[in-house]
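Presented below is the structure to which this report refers.
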Amino acid sequence: VIYWIFGGFFAASQYIGKKPFLQRLMDSKVTLPPAVWQNLNFAWAAFFMILGAINLYVAYHFSTSTWVYFKFIGAMGATLIFAVAQSLYMMR
């Protein structure tokens, strides 16, 4: 559920306020066009929604130890890889 809350938060920030959440968070450090900020913010929203669905699938189709391993190693690793991919996208 927490991943879906994060995803919903990122998605809602596209429409609430003048700037997406990611832009509010990093605007003082990185200068990007508004369309890029929206793409990045949407990508994080989609990432968390998908991660939430995968988490639910693993929780109901695998053992508890596999689910715990996924939560600590898999989800954290996926988030790290996604963050690196996002930073490479921002460098373009």
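Simple scheme: letters A, B, ... for chains in structure tokens order, numbers from 1 for residues in each chain, numbers from 1 for ligands in the order shown.
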
Inset, instruction - Would you kindly return, as JSON, numbers by chain, each protein, DNA or RNA residue with an atom no farther than 10 Å from any atom of A:Pro34, considering only C-alpha atoms and excluding same-chain residues fewer than 5 positions away? - result: {"A": [19, 20, 23, 39, 40]}

Inset, instruction - Within 12 Å of stretch 69-81 of chain A, counting only C-alpha atoms, which residues show up once you throw out same-chain ones fewer than 3 positions away? Write them as number ranges by chain, please. - result: A: 2-3, 43-44, 47-48, 50-59, 62-66, 84-88

Would you mind exporting N, CA, C and O atoms of the selected residues as a CSV table (one decimal), in the first residue's frame?
```csv
chain,number,residue,atom,x,y,z
A,2,ILE,N,2.0,1.2,0.7
A,2,ILE,CA,2.8,2.4,0.8
A,2,ILE,C,3.4,2.8,-0.6
A,2,ILE,O,3.5,4.0,-0.9
A,3,TYR,N,3.7,1.8,-1.4
A,3,TYR,CA,4.1,2.2,-2.8
A,3,TYR,C,3.0,2.9,-3.6
A,3,TYR,O,3.3,3.8,-4.3
A,43,ALA,N,7.1,9.4,-14.3
A,43,ALA,CA,7.9,8.1,-14.3
A,43,ALA,C,8.0,7.6,-12.9
A,43,ALA,O,7.8,6.4,-12.6
A,44,TRP,N,8.2,8.5,-11.9
A,44,TRP,CA,8.2,8.0,-10.5
A,44,TRP,C,6.9,7.5,-10.0
A,44,TRP,O,6.8,6.5,-9.3
A,47,PHE,N,6.4,4.2,-11.6
A,47,PHE,CA,7.4,3.2,-11.0
A,47,PHE,C,6.8,2.7,-9.6
A,47,PHE,O,6.8,1.5,-9.4
A,48,PHE,N,6.3,3.6,-8.8
A,48,PHE,CA,5.8,3.2,-7.5
A,48,PHE,C,4.5,2.4,-7.7
A,48,PHE,O,4.2,1.4,-6.9
A,50,ILE,N,3.7,0.4,-10.2
A,50,ILE,CA,4.1,-0.9,-10.7
A,50,ILE,C,4.8,-1.7,-9.6
A,50,ILE,O,4.6,-2.9,-9.4
A,51,LEU,N,5.7,-1.0,-8.8
A,51,LEU,CA,6.3,-1.7,-7.7
A,51,LEU,C,5.3,-2.2,-6.7
A,51,LEU,O,5.5,-3.3,-6.1
A,52,GLY,N,4.3,-1.4,-6.4
A,52,GLY,CA,3.2,-1.9,-5.5
A,52,GLY,C,2.5,-3.1,-6.0
A,52,GLY,O,2.2,-4.0,-5.3
A,53,ALA,N,2.3,-3.2,-7.3
A,53,ALA,CA,1.6,-4.3,-7.9
A,53,ALA,C,2.5,-5.6,-7.8
A,53,ALA,O,2.1,-6.7,-7.5
A,54,ILE,N,3.8,-5.4,-8.1
A,54,ILE,CA,4.7,-6.5,-8.0
A,54,ILE,C,4.8,-7.0,-6.6
A,54,ILE,O,4.9,-8.2,-6.3
A,55,ASN,N,4.9,-6.0,-5.7
A,55,ASN,CA,4.9,-6.4,-4.2
A,55,ASN,C,3.7,-7.2,-3.8
A,55,ASN,O,3.9,-8.3,-3.1
A,56,LEU,N,2.5,-6.9,-4.3
A,56,LEU,CA,1.3,-7.6,-4.0
A,56,LEU,C,1.4,-9.0,-4.6
A,56,LEU,O,1.0,-10.0,-4.0
A,57,TYR,N,1.9,-9.1,-5.8
A,57,TYR,CA,2.0,-10.4,-6.5
A,57,TYR,C,3.0,-11.3,-5.7
A,57,TYR,O,2.6,-12.5,-5.5
A,58,VAL,N,4.1,-10.8,-5.3
A,58,VAL,CA,5.1,-11.6,-4.6
A,58,VAL,C,4.5,-12.0,-3.3
A,58,VAL,O,4.7,-13.1,-2.8
A,59,ALA,N,3.8,-11.1,-2.6
A,59,ALA,CA,3.3,-11.4,-1.3
A,59,ALA,C,2.3,-12.6,-1.3
A,59,ALA,O,2.2,-13.4,-0.4
A,62,PHE,N,4.3,-16.2,-3.3
A,62,PHE,CA,5.6,-16.7,-2.9
A,62,PHE,C,5.6,-16.8,-1.3
A,62,PHE,O,4.7,-16.3,-0.7
A,63,SER,N,6.6,-17.5,-0.8
A,63,SER,CA,6.7,-17.6,0.6
A,63,SER,C,7.0,-16.3,1.3
A,63,SER,O,7.4,-15.3,0.7
A,64,THR,N,6.7,-16.2,2.6
A,64,THR,CA,7.0,-15.0,3.4
A,64,THR,C,8.5,-14.6,3.3
A,64,THR,O,8.8,-13.4,3.2
A,65,SER,N,9.4,-15.6,3.4
A,65,SER,CA,10.8,-15.3,3.3
A,65,SER,C,11.2,-14.7,1.9
A,65,SER,O,12.0,-13.8,1.9
A,66,THR,N,10.5,-15.2,0.9
A,66,THR,CA,10.8,-14.6,-0.5
A,66,THR,C,10.3,-13.2,-0.5
A,66,THR,O,10.9,-12.3,-1.1
A,84,VAL,N,19.1,5.9,-10.7
A,84,VAL,CA,20.3,6.1,-11.6
A,84,VAL,C,19.8,6.3,-13.0
A,84,VAL,O,20.3,7.2,-13.7
A,85,ALA,N,18.9,5.6,-13.5
A,85,ALA,CA,18.3,5.8,-14.8
A,85,ALA,C,17.7,7.2,-14.9
A,85,ALA,O,17.9,7.8,-16.0
A,86,GLN,N,17.0,7.6,-13.9
A,86,GLN,CA,16.4,9.0,-13.9
A,86,GLN,C,17.5,10.0,-14.0
A,86,GLN,O,17.4,11.0,-14.7
A,87,SER,N,18.6,9.8,-13.3
A,87,SER,CA,19.7,10.8,-13.3
A,87,SER,C,20.4,10.9,-14.6
A,87,SER,O,20.7,11.9,-15.1
A,88,LEU,N,20.5,9.7,-15.3
A,88,LEU,CA,21.0,9.7,-16.6
A,88,LEU,C,20.1,10.4,-17.6
A,88,LEU,O,20.6,11.1,-18.5
```

Inset, instruction - Return the single residue from A:Ile5, A:His61, A:Gly17, A:Met90 that is closest to A:Ala35, with distances computed using only C-alpha atoms. - result: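 Answer, going by the shortest atom-to-atom distance: A:Met90.
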
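With distances restricted to only C-alpha atoms, A:Ala46 is the closest residue to A:Trp4 from A:Ala83, A:Arg92, A:Ala46, A:Tyr60.
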
Legend entry - 9 Å contact set for A:Gln14, only C-alpha atoms, chain neighbours under 5 positions out, as a list of chain:residue names: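 Counting only the stated atoms, we get A:Phe9, A:Lys19, A:Pro20, A:Phe21, A:Gln38, A:Asn41, A:Phe42.
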
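The residue that comes closest to A:Phe6, out of A:Val30, A:Met91, A:Leu22, A:Val36 and on the basis of only C-alpha atoms, is A:Leu22.
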
Inset, instruction - Would you return as a PyMOL selection string the members of chain A that DSSP assigns to helix (DSSP H, G or I) on this structure's backbone? - result: chain A and resi 2-13+21-26+34-61+64-91

Inset, instruction - Take atom CA of A:Tyr89 and atom CA of A:Met26 and report the distance between them in Å, one decimal. - result: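 These two atoms are separated by 14.6 Å.
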
Inset, instruction - Report the distance between atom CA of A:Ala45 and atom CA of A:Gly8 in Å, rounded to one decimal place. - result: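 Calculated distance between atom CA of A:Ala45 and atom CA of A:Gly8 is 6.6 Å.
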